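J.: Let me give you the structure first, and then I'll get to my questions.
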Amino acid sequence: MLILTRKINQKLIINDDIEIVILESYKNSVKIGVNAPNNVQIYREEIYNEIKKSNKQANSADIDTISHIATQKAKSFDLMKKIKQNDSK
């Protein structure tokens, strides 16, 4: 880990295209600004961890649930075909 001391309005540059600016300093916290390309995702750690947790839960979907959804869609499709056939008579 690189540890640096910065003053207000001083910057850190990462990979030529990410700029971190110290905006304000308080007793126990620092306000920072981040300038980065739009394709760079920046999250607070607690938000990032929630996203990872949510993605993990979504990826571990139960096979039975997926099969059930597929069966329901097939039934809906069959019902729509029957309705269309009746409408064309």
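In the structure tokens, chains take the letters A, B, ... in the order shown, each chain's residues start at 1, and ligands count up from 1 in the order shown.
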List the spatial neighbours of segment 7-22 of chain A as a PDB file with C-alpha atoms, in the first residue's frame - criterion: any atom at most 7 Å away, only C-alpha atoms, same-chain residues fewer than 4 positions off excluded.
T.:
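Everything below was put into part39.pdb:
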```pdb
ATOM      1  CA  LYS A  31     -13.577  14.973   1.175  1.00  0.00           C
ATOM      2  CA  ILE A  32     -12.093  13.890  -2.136  1.00  0.00           C
ATOM      3  CA  GLY A  33     -12.983  14.381  -5.769  1.00  0.00           C
ATOM      4  CA  VAL A  34     -12.307  11.835  -8.481  1.00  0.00           C
ATOM      5  CA  ASN A  35     -11.984  12.712 -12.163  1.00  0.00           C
ATOM      6  CA  ALA A  36     -11.937   9.591 -14.310  1.00  0.00           C
ATOM      7  CA  PRO A  37     -13.119   8.444 -17.735  1.00  0.00           C
TER       8      PRO A  37
END
```
J.: Could you write out, as a ChimeraX atom specification, all the residues of chain A that DSSP marks as helix (DSSP H, G or I)?
T.: /A:45-59,63-87
J.: Just to confirm, what's the straight-line distance from atom CA of Leu4 of chain A to atom CA of Leu23 of chain A in Å (one decimal)?
T.: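 If I compute the distance from atom CA of Leu4 of chain A to atom CA of Leu23 of chain A, I get 15.4 Å.
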J.: Enter the distance from atom CA of Asn39 of chain A to atom CA of Arg6 of chain A, in Å, rounded to one decimal.
T.: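 Computing the Euclidean distance for atom CA of Asn39 of chain A and atom CA of Arg6 of chain A yields 26.5 Å.
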J.: From the DSSP assignment of the backbone, select every residue of chain A that is strand (DSSP E), and format the answer as a list in words.
T.: Lys11, Leu12, Ile13, Ile14, Ile18, Glu19, Ile20, Val21, Ile22, Leu23, Glu24, Ser25, Val30, Lys31, Ile32, Gly33, Val34 and Asn35 of chain A
